[in-house]
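Q: So that you have it, the file is input.txt, and it contains compact mmCIF, C-alpha atoms:
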```
# COMPACT_ATOMS: atom_id res chain seq x y z
CA MET U 5 31.97 239.78 155.72
CA ASP U 6 28.78 238.09 154.67
CA ASN U 7 27.15 239.24 151.48
CA PRO U 8 23.74 240.77 152.42
CA VAL U 9 22.18 238.81 149.55
CA PHE U 10 23.12 235.55 151.32
CA GLU U 11 20.62 236.21 154.12
CA ARG U 12 17.84 236.50 151.58
CA ILE U 13 18.91 233.31 149.82
CA ARG U 14 19.03 231.42 153.13
CA LYS U 15 15.51 232.60 153.91
CA ASP U 16 14.18 231.60 150.50
CA ILE U 17 15.64 228.10 150.59
CA GLN U 18 14.46 227.58 154.17
CA GLU U 19 10.91 228.75 153.58
CA ASN U 20 10.37 226.88 150.31
CA ASP U 21 10.84 223.13 149.86
CA VAL U 22 11.98 223.48 146.26
CA VAL U 23 13.58 226.65 144.91
CA LEU U 24 14.88 227.18 141.40
CA TYR U 25 17.14 230.16 140.76
CA MET U 26 16.65 230.76 137.08
CA LYS U 27 16.66 233.23 134.22
CA GLY U 28 13.11 234.33 133.55
CA THR U 29 10.05 232.87 135.23
CA PRO U 30 8.62 229.33 135.25
CA VAL U 31 6.00 230.52 132.74
CA PHE U 32 8.47 232.51 130.60
CA PRO U 33 11.98 231.10 131.01
CA GLN U 34 14.60 233.31 129.34
CA CYS U 35 17.19 230.60 128.85
CA GLY U 36 17.09 227.07 127.49
CA PHE U 37 18.88 225.60 130.51
CA SER U 38 16.42 227.17 132.94
CA ALA U 39 13.56 226.00 130.75
CA ALA U 40 14.88 222.43 130.84
CA VAL U 41 14.86 222.33 134.65
CA VAL U 42 11.38 223.87 134.76
CA GLY U 43 10.35 221.11 132.35
CA VAL U 44 11.68 218.34 134.61
CA LEU U 45 10.04 219.77 137.74
CA SER U 46 6.74 220.31 135.95
CA HIS U 47 6.86 216.80 134.51
CA LEU U 48 7.30 215.40 138.03
CA GLY U 49 4.48 217.58 139.34
CA VAL U 50 6.72 219.23 141.91
CA LYS U 51 5.59 222.52 143.36
CA PHE U 52 8.52 224.94 143.29
CA ARG U 53 9.35 228.59 143.69
CA GLY U 54 11.10 230.07 140.68
CA ILE U 55 13.29 233.08 141.40
CA ASP U 56 14.33 235.21 138.44
CA VAL U 57 17.95 236.33 138.86
CA LEU U 58 17.65 238.65 135.86
CA GLN U 59 15.51 240.96 138.01
CA ASP U 60 18.33 241.55 140.46
CA PRO U 61 22.04 241.87 139.54
CA GLY U 62 23.04 241.46 143.20
CA LEU U 63 21.22 238.16 143.41
CA ARG U 64 22.50 237.05 140.02
CA GLN U 65 26.07 237.36 141.28
CA GLY U 66 25.28 236.48 144.91
CA ILE U 67 23.73 233.11 144.19
CA LYS U 68 26.88 232.05 142.35
CA GLU U 69 29.01 232.88 145.37
CA PHE U 70 26.53 231.42 147.86
CA SER U 71 26.42 228.07 146.08
CA ASN U 72 30.03 228.10 144.87
CA TRP U 73 28.55 227.42 141.45
CA PRO U 74 29.28 229.67 138.47
CA THR U 75 26.11 229.24 136.43
CA VAL U 76 22.33 229.55 136.59
CA PRO U 77 19.93 227.66 136.86
CA GLN U 78 20.50 226.27 140.35
CA LEU U 79 18.12 223.93 142.13
CA TYR U 80 17.68 223.72 145.90
CA VAL U 81 15.60 221.07 147.68
CA LYS U 82 14.94 221.52 151.41
CA GLY U 83 17.83 223.94 151.67
CA GLU U 84 20.30 221.63 149.95
CA PHE U 85 22.02 222.51 146.68
CA ILE U 86 21.23 219.81 144.12
CA GLY U 87 22.94 221.17 141.01
CA GLY U 88 22.45 222.88 137.69
CA CYS U 89 20.81 221.83 134.46
CA ASP U 90 23.13 218.90 133.58
CA ILE U 91 22.90 217.37 137.05
CA VAL U 92 19.14 217.79 137.32
CA ARG U 93 18.70 216.17 133.92
CA GLU U 94 21.08 213.29 134.66
CA MET U 95 19.46 212.67 138.04
CA PHE U 96 15.98 212.75 136.56
CA GLU U 97 16.92 210.27 133.84
CA ALA U 98 18.49 207.93 136.42
CA GLY U 99 15.48 208.24 138.75
CA GLU U 100 17.72 209.80 141.40
CA LEU U 101 15.93 213.13 141.49
CA GLN U 102 12.64 211.40 142.19
CA GLN U 103 14.37 209.50 145.01
CA VAL U 104 15.87 212.66 146.53
CA LEU U 105 12.44 214.33 146.51
CA ALA U 106 10.82 211.28 148.09
CA ASP U 107 13.57 210.95 150.71
CA LYS U 108 13.15 214.59 151.65
CA GLY U 109 9.39 214.31 151.82
CA VAL U 110 8.62 216.62 148.92
CA PRO U 111 5.36 215.69 147.23
CA ALA U 112 5.45 214.95 143.50
CA THR U 113 2.20 214.18 141.78
CA ALA U 114 3.71 212.42 138.77
CA GLY U 115 6.17 209.56 138.47
CA ALA U 116 5.26 208.16 141.90
CA MET J 2 41.50 233.11 115.93
CA ALA J 3 38.40 230.98 115.65
CA GLY J 4 38.38 228.13 118.13
CA SER J 5 41.01 229.66 120.41
CA LEU J 6 38.83 229.69 123.50
CA ARG J 7 37.88 226.10 122.84
CA GLN J 8 41.57 225.28 122.73
CA ILE J 9 42.23 227.13 126.00
CA ILE J 10 39.42 225.21 127.71
CA HIS J 11 40.79 221.97 126.29
CA ASP J 12 44.35 222.70 127.45
CA LYS J 13 43.34 223.80 130.95
CA LEU J 14 41.22 220.70 131.53
CA LEU J 15 44.04 218.53 130.20
CA ALA J 16 46.47 220.09 132.67
CA ALA J 17 44.13 220.15 135.68
CA LEU J 18 42.36 216.78 135.41
CA LYS J 19 44.76 214.53 133.48
CA PRO J 20 41.74 213.11 131.66
CA THR J 21 41.68 209.72 129.98
CA GLN J 22 39.14 211.14 127.54
CA LEU J 23 38.35 214.74 126.71
CA LEU J 24 36.08 216.38 124.20
CA VAL J 25 35.35 220.11 124.12
CA ILE J 26 32.63 221.19 121.73
CA ASP J 27 31.80 224.78 120.81
CA GLU J 28 28.01 224.87 120.60
CA SER J 29 27.79 228.64 120.27
CA ALA J 30 26.35 228.49 116.76
CA ALA J 31 23.31 226.63 118.07
CA HIS J 32 22.65 229.49 120.49
CA ALA J 33 23.26 232.39 118.08
CA GLY J 34 20.94 235.32 118.60
CA HIS J 35 19.74 234.46 122.08
CA ALA J 36 20.72 235.82 125.49
CA GLY J 37 24.38 235.39 126.26
CA ALA J 38 25.41 234.80 122.66
CA ARG J 39 27.86 237.19 121.02
CA PRO J 40 28.45 237.80 117.33
CA GLY J 41 31.92 236.22 117.55
CA GLY J 42 30.57 233.05 119.15
CA GLU J 43 32.66 231.16 121.73
CA THR J 44 30.03 231.53 124.44
CA HIS J 45 28.44 228.08 124.75
CA PHE J 46 30.55 224.98 125.27
CA ARG J 47 30.00 221.33 126.03
CA VAL J 48 32.65 219.32 127.82
CA ILE J 49 32.73 215.54 127.89
CA VAL J 50 35.48 214.40 130.20
CA GLU J 51 36.60 211.13 131.73
CA ALA J 52 39.18 211.42 134.49
CA PRO J 53 40.40 209.32 137.42
CA ALA J 54 39.97 212.40 139.65
CA PHE J 55 36.19 211.93 139.46
CA ALA J 56 36.21 208.45 141.01
CA GLY J 57 34.27 208.37 144.25
CA GLN J 58 33.04 211.96 143.76
CA GLY J 59 29.42 213.03 143.54
CA ARG J 60 27.96 214.94 140.61
CA VAL J 61 28.31 218.35 142.23
CA ALA J 62 31.93 217.72 143.26
CA ARG J 63 32.85 216.56 139.75
CA GLN J 64 31.44 219.66 138.12
CA ARG J 65 33.16 221.85 140.71
CA LEU J 66 36.50 220.32 139.68
CA VAL J 67 35.76 221.35 136.08
CA HIS J 68 34.56 224.81 137.17
CA ALA J 69 37.72 225.34 139.21
CA ALA J 70 39.95 224.54 136.25
CA LEU J 71 38.02 227.06 134.13
CA ALA J 72 37.40 229.78 136.71
CA ASN J 73 38.82 232.56 134.54
CA GLU J 74 36.86 231.50 131.47
CA LEU J 75 33.60 231.20 133.41
CA ALA J 76 34.12 234.63 134.96
CA GLY J 77 34.74 236.03 131.50
CA GLY J 78 33.19 235.24 128.17
CA VAL J 79 31.87 231.72 128.65
CA HIS J 80 28.13 232.01 129.11
CA ALA J 81 27.20 228.33 129.32
CA LEU J 82 29.16 225.19 130.02
CA ALA J 83 27.44 221.83 129.80
CA ILE J 84 29.46 219.14 131.55
CA SER J 85 29.41 215.39 131.34
CA ALA J 86 31.96 214.05 133.85
CA ARG J 87 32.70 210.41 134.50
CA ALA J 88 35.42 208.30 136.00
CA PRO J 89 37.15 205.59 133.96
CA GLY J 90 35.08 202.43 133.90
CA GLU J 91 31.76 204.18 134.31
CA THR J 92 29.29 204.16 131.44
```
Kindly present the structure from the file in structure tokens form.

A:
Amino acid sequence: MDNPVFERIRKDIQENDVVLYMKGTPVFPQCGFSAAVVGVLSHLGVKFRGIDVLQDPGLRQGIKEFSNWPTVPQLYVKGEFIGGCDIVREMFEAGELQQVLADKGVPATAGA
Amino acid sequence: MAGSLRQIIHDKLLAALKPTQLLVIDESAAHAGHAGARPGGETHFRVIVEAPAFAGQGRVARQRLVHAALANELAGGVHALAISARAPGET
């Protein structure tokens, strides 16, 4: 049986190029790991939708099951799971995140 | 029993991944007082692991191998787990 939260997650990651499931909001992150990913995306000038899992216990648990990933933050680009804070940071430092965004046609105003 | 959870994480990774290098660091003190921290600590860990099992695997797959070995701990008290995973020979 499919978790009803999954349908909502599918819709969010289909309708938005870049989605960050996080604790807090992009303006007021409630966790250092979420803040770090917001920092990378902001630095690259990537427009993204931040979704605060702290506002919804069902989503907070559901996103972990949906992604098969036990922690938050979680970054999705064009519907594809990219990773959490460590992976986003490693990929950014290696230039891989910029490449993934470019390959998927997501505009970034910085670092181009 | 300070450090016991760190030891459990260490032992489980040792058994599951047969690492050639393994370092488990309890960083809870650096997060004291913020969300997810508990007075007793043992909530925030950093794992640096080198294992042949990671060869040819992507970043997400490598972390999932670590997550799988620590499923019980992640479902319980561990609030944050930073992972650096590499295969032997990688820098």

Q: Could you pull the residues within 12 Å of region 25-27 of chain U, counting only C-alpha atoms, minus those fewer than 2 positions along the same chain, as a PyMOL selection string?

A: (chain U and resi 13+16-17+22-23+29-42+52-61+63-68+70-71+73+75-81+85-89) or (chain J and resi 36-37)

Q: At a cut-off of 7 Å, list the chain J residues touching chain U, using all atoms listed in the file, as a PyMOL selection string.

A: chain J and resi 60-61+75+83-84

Q: Between CA of Val9 (chain U) and CA of Glu84 (chain U), measure the distance and give it in Å to one decimal.

A: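 Computed distance, CA of Val9 (chain U) to CA of Glu84 (chain U), equals 17.3 Å.
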
Q: In Å, rounded to a single decimal, give me how far CA of Gly42 (chain J) is from CA of Ala17 (chain J).

A: 25.0 Å

Q: With all atoms listed in the file as the counted atoms, please give the residues lying no more than 10 Å from Arg47 (chain J), apart from itself and same-chain residues fewer than 2 positions off, as a PyMOL selection string.

A: chain J and resi 7+24-29+45+49-50+81-85

Q: Between CA of Ile9 (chain J) and CA of Leu66 (chain J), what is the distance in Å, rounded to a tenth?

A: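 One can read the CA of Ile9 (chain J) to CA of Leu66 (chain J) distance as 16.3 Å.
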